[in-house]
$ cat model-v5.pdb   # PDB, C-alpha atoms
ATOM      1  CA  LEU A 193       7.851  -9.980  -8.791  1.00  0.00           C
ATOM      2  CA  ALA A 194       6.508  -6.980 -10.675  1.00  0.00           C
ATOM      3  CA  LYS A 195       8.361  -6.183 -13.881  1.00  0.00           C
ATOM      4  CA  THR A 196      10.503  -3.082 -13.741  1.00  0.00           C
ATOM      5  CA  THR A 197      11.762  -0.737 -16.437  1.00  0.00           C
ATOM      6  CA  GLN A 198      14.742   1.565 -15.977  1.00  0.00           C
ATOM      7  CA  PRO A 199      16.888   3.661 -18.316  1.00  0.00           C
ATOM      8  CA  ILE A 200      19.867   1.708 -19.560  1.00  0.00           C
ATOM      9  CA  SER A 201      22.413   4.368 -18.721  1.00  0.00           C
ATOM     10  CA  MET A 202      22.860   7.890 -17.392  1.00  0.00           C
ATOM     11  CA  ASP A 203      25.816  10.259 -17.348  1.00  0.00           C
ATOM     12  CA  SER A 204      26.382  12.887 -14.707  1.00  0.00           C
ATOM     13  CA  TYR A 205      29.119  15.090 -13.264  1.00  0.00           C
ATOM     14  CA  GLU A 206      30.602  15.270  -9.839  1.00  0.00           C
ATOM     15  CA  GLY A 207      28.527  17.300  -7.401  1.00  0.00           C
ATOM     16  CA  GLN A 208      25.298  16.943  -9.347  1.00  0.00           C
ATOM     17  CA  GLU A 209      22.144  15.213  -8.215  1.00  0.00           C
ATOM     18  CA  VAL A 210      21.264  12.042 -10.073  1.00  0.00           C
ATOM     19  CA  ASN A 211      17.677  10.845 -10.323  1.00  0.00           C
ATOM     20  CA  ILE A 212      16.867   7.407 -11.675  1.00  0.00           C
ATOM     21  CA  THR A 213      13.245   6.549 -12.314  1.00  0.00           C
ATOM     22  CA  CYS A 214      11.944   3.005 -12.335  1.00  0.00           C
ATOM     23  CA  SER A 215       8.553   2.045 -13.755  1.00  0.00           C
ATOM     24  CA  HIS A 216       6.615  -0.795 -12.144  1.00  0.00           C
ATOM     25  CA  ASN A 217       3.079  -0.536 -13.448  1.00  0.00           C
ATOM     26  CA  ASN A 218       1.872  -3.867 -12.074  1.00  0.00           C
ATOM     27  CA  ILE A 219       3.129  -3.436  -8.533  1.00  0.00           C
ATOM     28  CA  ALA A 220       1.018  -5.361  -6.015  1.00  0.00           C
ATOM     29  CA  THR A 221      -0.403  -4.096  -2.740  1.00  0.00           C
ATOM     30  CA  ASN A 222       2.105  -5.998  -0.626  1.00  0.00           C
ATOM     31  CA  ASP A 223       5.137  -5.119  -2.730  1.00  0.00           C
ATOM     32  CA  TYR A 224       8.042  -3.033  -1.495  1.00  0.00           C
ATOM     33  CA  ILE A 225      10.470  -1.154  -3.749  1.00  0.00           C
ATOM     34  CA  THR A 226      14.151  -1.790  -3.190  1.00  0.00           C
ATOM     35  CA  TRP A 227      17.221  -0.333  -4.858  1.00  0.00           C
ATOM     36  CA  TYR A 228      20.638  -1.921  -5.078  1.00  0.00           C
ATOM     37  CA  GLN A 229      24.020  -0.642  -6.219  1.00  0.00           C
ATOM     38  CA  GLN A 230      26.610  -2.821  -7.877  1.00  0.00           C
ATOM     39  CA  PHE A 231      30.248  -2.060  -8.594  1.00  0.00           C
ATOM     40  CA  PRO A 232      32.206  -4.163 -11.112  1.00  0.00           C
ATOM     41  CA  SER A 233      33.158  -7.612  -9.791  1.00  0.00           C
ATOM     42  CA  GLN A 234      31.229  -7.133  -6.569  1.00  0.00           C
ATOM     43  CA  GLY A 235      27.885  -8.318  -5.278  1.00  0.00           C
ATOM     44  CA  PRO A 236      25.012  -5.812  -5.179  1.00  0.00           C
ATOM     45  CA  ARG A 237      24.697  -3.626  -2.131  1.00  0.00           C
ATOM     46  CA  PHE A 238      21.382  -2.576  -0.604  1.00  0.00           C
ATOM     47  CA  ILE A 239      20.808   1.178  -0.885  1.00  0.00           C
ATOM     48  CA  ILE A 240      17.261   1.951   0.156  1.00  0.00           C
ATOM     49  CA  GLN A 241      13.780   0.529   0.407  1.00  0.00           C
ATOM     50  CA  GLY A 242      10.325   2.045   0.573  1.00  0.00           C
ATOM     51  CA  TYR A 243       6.637   1.374   0.306  1.00  0.00           C
ATOM     52  CA  LYS A 244       5.133   4.796  -0.322  1.00  0.00           C
ATOM     53  CA  THR A 245       5.841   8.542  -0.191  1.00  0.00           C
ATOM     54  CA  LYS A 246       9.448   9.393   0.601  1.00  0.00           C
ATOM     55  CA  VAL A 247      12.257   7.562   2.327  1.00  0.00           C
ATOM     56  CA  THR A 248      15.654   9.061   3.054  1.00  0.00           C
ATOM     57  CA  ASN A 249      18.813   7.597   4.478  1.00  0.00           C
ATOM     58  CA  GLU A 250      22.434   8.657   4.615  1.00  0.00           C
ATOM     59  CA  VAL A 251      23.140   7.825   0.986  1.00  0.00           C
ATOM     60  CA  ALA A 252      19.942   8.359  -1.003  1.00  0.00           C
ATOM     61  CA  SER A 253      16.303   9.309  -1.127  1.00  0.00           C
ATOM     62  CA  LEU A 254      13.484   7.324  -2.630  1.00  0.00           C
ATOM     63  CA  PHE A 255      10.390   9.059  -3.943  1.00  0.00           C
ATOM     64  CA  ILE A 256       7.246   7.031  -4.525  1.00  0.00           C
ATOM     65  CA  PRO A 257       4.092   8.664  -5.898  1.00  0.00           C
ATOM     66  CA  ALA A 258       0.657   7.822  -4.556  1.00  0.00           C
ATOM     67  CA  ASP A 259      -0.138   5.313  -7.299  1.00  0.00           C
ATOM     68  CA  ARG A 260       3.197   3.515  -6.667  1.00  0.00           C
ATOM     69  CA  LYS A 261       3.561   2.707 -10.349  1.00  0.00           C
ATOM     70  CA  SER A 262       7.002   4.257 -10.423  1.00  0.00           C
ATOM     71  CA  SER A 263       9.746   5.290  -8.061  1.00  0.00           C
ATOM     72  CA  THR A 264      12.726   7.613  -8.264  1.00  0.00           C
ATOM     73  CA  LEU A 265      16.065   7.035  -6.619  1.00  0.00           C
ATOM     74  CA  SER A 266      17.830  10.305  -5.891  1.00  0.00           C
ATOM     75  CA  LEU A 267      21.567  10.433  -5.275  1.00  0.00           C
ATOM     76  CA  PRO A 268      22.597  13.864  -3.986  1.00  0.00           C
ATOM     77  CA  ARG A 269      25.914  15.396  -4.997  1.00  0.00           C
ATOM     78  CA  VAL A 270      27.407  12.353  -6.661  1.00  0.00           C
ATOM     79  CA  SER A 271      31.109  11.656  -6.708  1.00  0.00           C
ATOM     80  CA  LEU A 272      33.233   9.543  -9.036  1.00  0.00           C
ATOM     81  CA  SER A 273      32.840   6.627  -6.649  1.00  0.00           C
ATOM     82  CA  ASP A 274      29.094   6.557  -7.314  1.00  0.00           C
ATOM     83  CA  THR A 275      29.766   5.228 -10.806  1.00  0.00           C
ATOM     84  CA  ALA A 276      27.970   1.881 -10.715  1.00  0.00           C
ATOM     85  CA  VAL A 277      24.926  -0.015 -11.902  1.00  0.00           C
ATOM     86  CA  TYR A 278      21.715   0.655  -9.995  1.00  0.00           C
ATOM     87  CA  TYR A 279      18.925  -1.900  -9.869  1.00  0.00           C
ATOM     88  CA  CYS A 280      15.295  -1.407  -8.908  1.00  0.00           C
ATOM     89  CA  LEU A 281      13.455  -4.445  -7.542  1.00  0.00           C
ATOM     90  CA  VAL A 282       9.818  -4.778  -6.580  1.00  0.00           C
ATOM     91  CA  GLY A 283       8.342  -7.577  -4.520  1.00  0.00           C
ATOM     92  CA  ASP A 284       6.881  -8.635  -1.212  1.00  0.00           C
ATOM     93  CA  GLY A 285       9.849 -10.631  -0.087  1.00  0.00           C
ATOM     94  CA  ALA A 286       7.775 -13.535   1.172  1.00  0.00           C
ATOM     95  CA  ALA A 287       9.818 -16.579   2.030  1.00  0.00           C
ATOM     96  CA  GLY A 288      10.705 -18.465  -1.107  1.00  0.00           C
ATOM     97  CA  ASN A 289       9.665 -15.718  -3.485  1.00  0.00           C
ATOM     98  CA  LYS A 290      12.183 -15.110  -6.196  1.00  0.00           C
ATOM     99  CA  LEU A 291      14.466 -12.100  -6.150  1.00  0.00           C
ATOM    100  CA  THR A 292      15.016 -11.306  -9.816  1.00  0.00           C
ATOM    101  CA  PHE A 293      16.893  -8.412 -11.330  1.00  0.00           C
ATOM    102  CA  GLY A 294      16.010  -6.318 -14.352  1.00  0.00           C
ATOM    103  CA  GLY A 295      18.526  -4.631 -16.579  1.00  0.00           C
ATOM    104  CA  GLY A 296      19.606  -1.904 -14.192  1.00  0.00           C
ATOM    105  CA  THR A 297      20.855   1.612 -14.934  1.00  0.00           C
ATOM    106  CA  ARG A 298      24.527   2.181 -15.563  1.00  0.00           C
ATOM    107  CA  VAL A 299      25.462   5.532 -14.034  1.00  0.00           C
ATOM    108  CA  LEU A 300      28.712   7.150 -15.084  1.00  0.00           C
ATOM    109  CA  VAL A 301      29.900  10.092 -13.017  1.00  0.00           C
ATOM    110  CA  LYS A 302      32.403  12.267 -14.838  1.00  0.00           C
ATOM    111  CA  PRO A 303      34.902  14.679 -13.299  1.00  0.00           C
TER     112      PRO A 303
ATOM    113  CA  GLY B 122      24.353  -4.456   8.689  1.00  0.00           C
ATOM    114  CA  ALA B 123      23.966  -8.098   7.796  1.00  0.00           C
ATOM    115  CA  VAL B 124      27.000  -9.749   6.261  1.00  0.00           C
ATOM    116  CA  VAL B 125      27.105 -12.506   3.690  1.00  0.00           C
ATOM    117  CA  SER B 126      30.464 -14.103   3.080  1.00  0.00           C
ATOM    118  CA  GLN B 127      31.160 -15.917  -0.153  1.00  0.00           C
ATOM    119  CA  HIS B 128      34.207 -18.077  -0.676  1.00  0.00           C
ATOM    120  CA  PRO B 129      36.340 -18.303  -2.697  1.00  0.00           C
ATOM    121  CA  SER B 130      36.350 -14.897  -4.337  1.00  0.00           C
ATOM    122  CA  ARG B 131      38.254 -16.192  -7.315  1.00  0.00           C
ATOM    123  CA  VAL B 132      38.944 -19.685  -8.625  1.00  0.00           C
ATOM    124  CA  ILE B 133      40.548 -21.168 -11.700  1.00  0.00           C
ATOM    125  CA  CYS B 134      39.905 -24.800 -12.465  1.00  0.00           C
ATOM    126  CA  LYS B 135      40.569 -27.257 -15.242  1.00  0.00           C
ATOM    127  CA  SER B 136      37.846 -28.336 -17.590  1.00  0.00           C
ATOM    128  CA  GLY B 137      36.056 -31.432 -16.281  1.00  0.00           C
ATOM    129  CA  THR B 138      36.684 -30.774 -12.611  1.00  0.00           C
ATOM    130  CA  SER B 139      34.177 -29.626  -9.989  1.00  0.00           C
ATOM    131  CA  VAL B 140      34.214 -26.441  -7.965  1.00  0.00           C
ATOM    132  CA  LYS B 141      32.370 -25.703  -4.732  1.00  0.00           C
ATOM    133  CA  ILE B 142      31.377 -22.169  -3.742  1.00  0.00           C
ATOM    134  CA  GLU B 143      30.273 -21.415  -0.194  1.00  0.00           C
ATOM    135  CA  CYS B 144      27.854 -18.743   0.928  1.00  0.00           C
ATOM    136  CA  ARG B 145      27.514 -17.982   4.615  1.00  0.00           C
ATOM    137  CA  SER B 146      25.335 -15.518   6.476  1.00  0.00           C
ATOM    138  CA  LEU B 147      27.621 -14.408   9.288  1.00  0.00           C
ATOM    139  CA  ASP B 148      25.352 -12.581  11.688  1.00  0.00           C
ATOM    140  CA  PHE B 149      21.835 -13.628  10.784  1.00  0.00           C
ATOM    141  CA  GLN B 150      19.822 -16.673   9.852  1.00  0.00           C
ATOM    142  CA  ALA B 151      18.630 -16.963   6.277  1.00  0.00           C
ATOM    143  CA  THR B 152      15.475 -18.815   5.324  1.00  0.00           C
ATOM    144  CA  THR B 153      16.135 -18.320   1.667  1.00  0.00           C
ATOM    145  CA  MET B 154      19.302 -18.052  -0.346  1.00  0.00           C
ATOM    146  CA  PHE B 155      19.596 -17.218  -4.006  1.00  0.00           C
ATOM    147  CA  TRP B 156      22.313 -18.065  -6.493  1.00  0.00           C
ATOM    148  CA  TYR B 157      23.000 -15.865  -9.496  1.00  0.00           C
ATOM    149  CA  ARG B 158      25.295 -15.880 -12.465  1.00  0.00           C
ATOM    150  CA  GLN B 159      26.452 -12.710 -14.126  1.00  0.00           C
ATOM    151  CA  PHE B 160      28.224 -12.354 -17.449  1.00  0.00           C
ATOM    152  CA  PRO B 161      30.184  -9.202 -18.328  1.00  0.00           C
ATOM    153  CA  LYS B 162      28.058  -6.092 -18.826  1.00  0.00           C
ATOM    154  CA  GLN B 163      24.886  -8.035 -18.070  1.00  0.00           C
ATOM    155  CA  SER B 164      22.458  -8.136 -15.190  1.00  0.00           C
ATOM    156  CA  LEU B 165      22.317 -10.837 -12.559  1.00  0.00           C
ATOM    157  CA  MET B 166      20.586 -13.954 -13.774  1.00  0.00           C
ATOM    158  CA  LEU B 167      18.829 -16.000 -11.119  1.00  0.00           C
ATOM    159  CA  MET B 168      19.905 -19.629 -11.222  1.00  0.00           C
ATOM    160  CA  ALA B 169      18.113 -21.109  -8.262  1.00  0.00           C
ATOM    161  CA  THR B 170      16.356 -20.408  -5.001  1.00  0.00           C
ATOM    162  CA  SER B 171      17.102 -22.554  -2.006  1.00  0.00           C
ATOM    163  CA  ASN B 172      15.240 -22.835   1.257  1.00  0.00           C
ATOM    164  CA  GLU B 173      16.894 -24.400   4.287  1.00  0.00           C
ATOM    165  CA  GLY B 174      16.243 -28.097   4.542  1.00  0.00           C
ATOM    166  CA  SER B 175      14.509 -28.479   1.207  1.00  0.00           C
ATOM    167  CA  LYS B 176      15.490 -28.960  -2.403  1.00  0.00           C
ATOM    168  CA  ALA B 177      16.446 -25.967  -4.441  1.00  0.00           C
ATOM    169  CA  THR B 178      14.129 -24.582  -7.081  1.00  0.00           C
ATOM    170  CA  TYR B 179      15.970 -24.068 -10.347  1.00  0.00           C
ATOM    171  CA  GLU B 180      15.155 -21.548 -13.016  1.00  0.00           C
ATOM    172  CA  GLN B 181      14.276 -22.735 -16.465  1.00  0.00           C
ATOM    173  CA  GLY B 182      17.329 -23.685 -18.446  1.00  0.00           C
ATOM    174  CA  VAL B 183      19.566 -24.231 -15.417  1.00  0.00           C
ATOM    175  CA  GLU B 184      20.734 -27.847 -15.120  1.00  0.00           C
ATOM    176  CA  LYS B 185      20.178 -29.055 -11.588  1.00  0.00           C
ATOM    177  CA  ASP B 186      22.589 -31.965 -12.034  1.00  0.00           C
ATOM    178  CA  LYS B 187      25.335 -29.613 -13.120  1.00  0.00           C
ATOM    179  CA  PHE B 188      24.797 -26.889 -10.531  1.00  0.00           C
ATOM    180  CA  LEU B 189      24.304 -28.696  -7.238  1.00  0.00           C
ATOM    181  CA  ILE B 190      22.920 -26.577  -4.440  1.00  0.00           C
ATOM    182  CA  ASN B 191      22.891 -27.604  -0.805  1.00  0.00           C
ATOM    183  CA  HIS B 192      21.272 -25.450   1.884  1.00  0.00           C
ATOM    184  CA  ALA B 193      21.904 -27.570   4.944  1.00  0.00           C
ATOM    185  CA  SER B 194      21.608 -24.895   7.593  1.00  0.00           C
ATOM    186  CA  LEU B 195      20.194 -21.430   8.136  1.00  0.00           C
ATOM    187  CA  THR B 196      23.634 -19.912   7.661  1.00  0.00           C
ATOM    188  CA  LEU B 197      25.226 -21.923   4.865  1.00  0.00           C
ATOM    189  CA  SER B 198      24.444 -22.709   1.247  1.00  0.00           C
ATOM    190  CA  THR B 199      26.829 -24.212  -1.276  1.00  0.00           C
ATOM    191  CA  LEU B 200      26.871 -24.262  -5.054  1.00  0.00           C
ATOM    192  CA  THR B 201      28.912 -26.959  -6.754  1.00  0.00           C
ATOM    193  CA  VAL B 202      29.642 -26.597 -10.439  1.00  0.00           C
ATOM    194  CA  THR B 203      30.210 -30.152 -11.609  1.00  0.00           C
ATOM    195  CA  SER B 204      32.265 -31.140 -14.634  1.00  0.00           C
ATOM    196  CA  ALA B 205      32.991 -27.511 -15.353  1.00  0.00           C
ATOM    197  CA  HIS B 206      33.531 -26.331 -18.903  1.00  0.00           C
ATOM    198  CA  PRO B 207      34.884 -23.036 -20.235  1.00  0.00           C
ATOM    199  CA  GLU B 208      31.341 -21.798 -20.914  1.00  0.00           C
ATOM    200  CA  ASP B 209      30.681 -22.047 -17.161  1.00  0.00           C
ATOM    201  CA  SER B 210      33.223 -19.295 -16.607  1.00  0.00           C
ATOM    202  CA  SER B 211      31.288 -16.460 -15.027  1.00  0.00           C
ATOM    203  CA  PHE B 212      30.753 -14.375 -11.904  1.00  0.00           C
ATOM    204  CA  TYR B 213      28.633 -16.277  -9.377  1.00  0.00           C
ATOM    205  CA  ILE B 214      26.867 -14.371  -6.609  1.00  0.00           C
ATOM    206  CA  CYS B 215      24.815 -15.571  -3.673  1.00  0.00           C
ATOM    207  CA  SER B 216      22.354 -13.639  -1.581  1.00  0.00           C
ATOM    208  CA  ALA B 217      20.456 -14.336   1.601  1.00  0.00           C
ATOM    209  CA  ARG B 218      17.180 -13.163   2.984  1.00  0.00           C
ATOM    210  CA  LYS B 219      16.728 -12.907   6.743  1.00  0.00           C
ATOM    211  CA  VAL B 220      14.439 -15.146   8.740  1.00  0.00           C
ATOM    212  CA  GLY B 221      11.297 -13.174   9.372  1.00  0.00           C
ATOM    213  CA  GLY B 222      12.083 -10.654   6.670  1.00  0.00           C
ATOM    214  CA  THR B 223       9.000  -9.109   5.155  1.00  0.00           C
ATOM    215  CA  ASN B 224      10.518  -7.193   2.315  1.00  0.00           C
ATOM    216  CA  THR B 225      12.875  -7.570  -0.599  1.00  0.00           C
ATOM    217  CA  GLU B 226      15.943  -6.523   1.336  1.00  0.00           C
ATOM    218  CA  ALA B 227      18.518  -9.191   0.693  1.00  0.00           C
ATOM    219  CA  PHE B 228      22.201  -9.306   1.411  1.00  0.00           C
ATOM    220  CA  PHE B 229      24.738 -10.318  -1.167  1.00  0.00           C
ATOM    221  CA  GLY B 230      28.077 -12.022  -1.057  1.00  0.00           C
ATOM    222  CA  GLN B 231      31.060 -10.468  -2.765  1.00  0.00           C
ATOM    223  CA  GLY B 232      30.850 -12.893  -5.657  1.00  0.00           C
ATOM    224  CA  THR B 233      33.076 -15.637  -7.026  1.00  0.00           C
ATOM    225  CA  ARG B 234      34.892 -15.253 -10.313  1.00  0.00           C
ATOM    226  CA  LEU B 235      35.116 -18.719 -11.854  1.00  0.00           C
ATOM    227  CA  THR B 236      37.465 -19.310 -14.757  1.00  0.00           C
ATOM    228  CA  VAL B 237      37.492 -22.729 -16.376  1.00  0.00           C
ATOM    229  CA  VAL B 238      40.542 -23.429 -18.513  1.00  0.00           C
TER     230      VAL B 238
END
$ encode --input "model-v5.pdb" --output "structure tokens"
Amino acid sequence: LAKTTQPISMDSYEGQEVNITCSHNNIATNDYITWYQQFPSQGPRFIIQGYKTKVTNEVASLFIPADRKSSTLSLPRVSLSDTAVYYCLVGDGAAGNKLTFGGGTRVLVKP
Amino acid sequence: GAVVSQHPSRVICKSGTSVKIECRSLDFQATTMFWYRQFPKQSLMLMATSNEGSKATYEQGVEKDKFLINHASLTLSTLTVTSAHPEDSSFYICSARKVGGTNTEAFFGQGTRLTVV
């Protein structure tokens, strides 16, 4: 899997938009970009996945520039319950390929 | 969405005993399952990757004789912590990748908090 780099932590306030950028300079042609959310004492939860340009679902948007060397997870109008650790993973998901996590970004949403 | 059930969610055992953790994919078949360990305030650390019907592949530094992994079917993988010691106390998480999946979308269990006393 391509190595990823994310900020260690970010603070925000309720109602604001939170953008977390992940760098993955050695992303391969077949690699997808996937983001997970983890609350304390729970397993990670899939948020969104993309290959290029922009992907949007009911909880987030994922922006991927043309060179795909980075990606930005956008959480619109966060609430206190969005306080969690967010992980960016890059890989092609082929059977047997490892699914390894980087350090993640700890997001704290304040009232 | 796909559901992965992990059991038990919490277990306390005595030092020297063994503990088995189950990971089941409830509504899909999983070619590959992953086992992780997570210490407080740290990221998930991959312990091993298991493919149905074959031996697990362990990460460097993970003792295969201590952490026994069995992936006997496309819906069940088990992790047995043998002769547990207090330093094995941790949060253990499994995840499963769907058969035919072509991306890194994986589904995670809720985790097992193991405390060895």
$ closest_atom_pairs --input "model-v5.pdb" --of "chain B" --to "chain A" --cutoff "8 Å" --atoms "all atoms listed in the file" --output "tab-separated table"
residue	atom	partner	partner_atom	distance
B:Thr152	CA	A:Ala287	CA	6.9
B:Thr153	CA	A:Gly288	CA	6.1
B:Phe155	CA	A:Leu291	CA	7.6
B:Gln163	CA	A:Gly295	CA	7.4
B:Ser164	CA	A:Gly295	CA	5.4
B:Leu165	CA	A:Phe293	CA	6.1
B:Met166	CA	A:Phe293	CA	7.1
B:Leu167	CA	A:Thr292	CA	6.2
B:Thr170	CA	A:Lys290	CA	6.8
B:Ser171	CA	A:Gly288	CA	7.6
B:Asn172	CA	A:Gly288	CA	6.7
B:Phe212	CA	A:Ser233	CA	7.5
B:Ile214	CA	A:Gly235	CA	6.3
B:Gly222	CA	A:Gly285	CA	7.1
B:Thr223	CA	A:Gly285	CA	5.5
B:Asn224	CA	A:Gly285	CA	4.2
B:Thr225	CA	A:Gly285	CA	4.3
B:Glu226	CA	A:Thr226	CA	6.8
B:Ala227	CA	A:Phe238	CA	7.3
B:Phe228	CA	A:Phe238	CA	7.1
B:Phe229	CA	A:Gly235	CA	5.6
B:Gly230	CA	A:Gly235	CA	5.6
B:Gln231	CA	A:Gly235	CA	4.6
B:Gly232	CA	A:Gly235	CA	5.5
B:Arg234	CA	A:Ser233	CA	7.9
$ closest_residue --input "model-v5.pdb" --among "A:Cys280, A:Ala220, A:Met202, A:Val301" --to "Asp259 (chain A)" --atoms "only C-alpha atoms"
A:Ala220
$ residues_around --input "model-v5.pdb" --residues "Gln150 (chain B)" --least-positions-apart "5" --cutoff "12 Å" --atoms "all atoms listed in the file" --output "list in words"
Ala123, Val124, Val125, Arg145, Asn172, Glu173, His192, Ser194, Leu195, Thr196, Leu197, Ser198, Ala217, Arg218, Lys219, Val220, Gly221, Gly222, Ala227 and Phe228 of chain B
$ atom_distance --input "model-v5.pdb" --atom1 "CA of Lys302 (chain A)" --atom2 "CA of Glu206 (chain A)"
6.1 Å
$ closest_residue --input "model-v5.pdb" --among "B:Val132, B:Tyr157, B:Gln127, B:Leu235" --to "Tyr179 (chain B)" --atoms "all atoms listed in the file"
B:Tyr157
$ closest_residue --input "model-v5.pdb" --among "A:Ser215, A:Phe231, A:Tyr278, A:Leu267" --to "Thr196 (chain A)" --atoms "all atoms listed in the file"
A:Ser215
$ atom_distance --input "model-v5.pdb" --atom1 "CA of Pro303 (chain A)" --atom2 "CA of Arg269 (chain A)"
12.3 Å
$ residues_around --input "model-v5.pdb" --residues "His206 (chain B)" --least-positions-apart "5" --cutoff "9 Å" --atoms "only C-alpha atoms" --output "PDB file with C-alpha atoms, keeping the file's coordinate frame"
ATOM      1  CA  LYS B 135      40.569 -27.257 -15.242  1.00  0.00           C
ATOM      2  CA  SER B 136      37.846 -28.336 -17.590  1.00  0.00           C
ATOM      3  CA  GLY B 137      36.056 -31.432 -16.281  1.00  0.00           C
ATOM      4  CA  THR B 138      36.684 -30.774 -12.611  1.00  0.00           C
ATOM      5  CA  VAL B 237      37.492 -22.729 -16.376  1.00  0.00           C
ATOM      6  CA  VAL B 238      40.542 -23.429 -18.513  1.00  0.00           C
TER       7      VAL B 238
END
$ atom_distance --input "model-v5.pdb" --atom1 "CA of Leu265 (chain A)" --atom2 "CA of Asn218 (chain A)"
18.7 Å
$ resolve_selection --input "model-v5.pdb" --expression "the PyMOL selection byres ((chain A and resi 213) around 8)" --output "NGL selection string"
:A and (198-199 or 211-212 or 214-215 or 262-265)
$ resolve_selection --input "model-v5.pdb" --expression "the PyMOL selection byres ((chain A and resi 208) around 7)" --output "ChimeraX atom specification"
/A:204-207,209-210,268-270
$ closest_residue --input "model-v5.pdb" --among "A:Ser266, A:Ser201, A:Ser273, A:Asn217" --to "Leu254 (chain A)" --atoms "all atoms listed in the file"
A:Ser266
$ decode --input "model-v5.pdb" --residues "region 135-151 of chain B" --atoms "N, CA and C atoms" --output "compact mmCIF listing (two decimals), in the first residue's frame"
# COMPACT_ATOMS: atom_id res chain seq x y z
N LYS B 135 -7.35 -14.77 33.03
CA LYS B 135 -6.20 -14.89 33.92
C LYS B 135 -4.93 -15.14 33.11
N SER B 136 -3.84 -14.67 33.61
CA SER B 136 -2.57 -14.87 32.96
C SER B 136 -2.30 -16.37 32.78
N GLY B 137 -1.88 -16.75 31.58
CA GLY B 137 -1.57 -18.15 31.30
C GLY B 137 -2.69 -18.89 30.59
N THR B 138 -3.86 -18.33 30.58
CA THR B 138 -4.98 -18.97 29.89
C THR B 138 -5.06 -18.50 28.44
N SER B 139 -5.93 -19.15 27.67
CA SER B 139 -6.10 -18.81 26.26
C SER B 139 -7.47 -18.20 26.03
N VAL B 140 -7.55 -17.32 25.07
CA VAL B 140 -8.80 -16.64 24.74
C VAL B 140 -9.03 -16.72 23.24
N LYS B 141 -10.25 -17.06 22.86
CA LYS B 141 -10.60 -17.12 21.44
C LYS B 141 -11.53 -15.97 21.09
N ILE B 142 -11.23 -15.28 20.01
CA ILE B 142 -12.07 -14.19 19.51
C ILE B 142 -12.59 -14.59 18.13
N GLU B 143 -13.89 -14.44 17.94
CA GLU B 143 -14.51 -14.80 16.67
C GLU B 143 -14.84 -13.57 15.84
N CYS B 144 -14.70 -13.73 14.54
CA CYS B 144 -15.03 -12.66 13.61
C CYS B 144 -15.86 -13.27 12.49
N ARG B 145 -17.08 -12.80 12.36
CA ARG B 145 -17.98 -13.35 11.35
C ARG B 145 -18.48 -12.26 10.40
N SER B 146 -18.48 -12.57 9.12
CA SER B 146 -19.14 -11.69 8.15
C SER B 146 -20.57 -12.20 8.02
N LEU B 147 -21.53 -11.36 8.37
CA LEU B 147 -22.91 -11.84 8.50
C LEU B 147 -23.67 -11.89 7.19
N ASP B 148 -23.40 -11.02 6.27
CA ASP B 148 -24.22 -10.97 5.07
C ASP B 148 -23.38 -10.93 3.80
N PHE B 149 -22.13 -11.35 3.91
CA PHE B 149 -21.30 -11.44 2.71
C PHE B 149 -20.20 -12.46 2.96
N GLN B 150 -19.58 -12.88 1.88
CA GLN B 150 -18.47 -13.81 1.97
C GLN B 150 -17.16 -13.03 1.88
N ALA B 151 -16.22 -13.40 2.71
CA ALA B 151 -14.96 -12.66 2.80
C ALA B 151 -13.79 -13.54 2.37
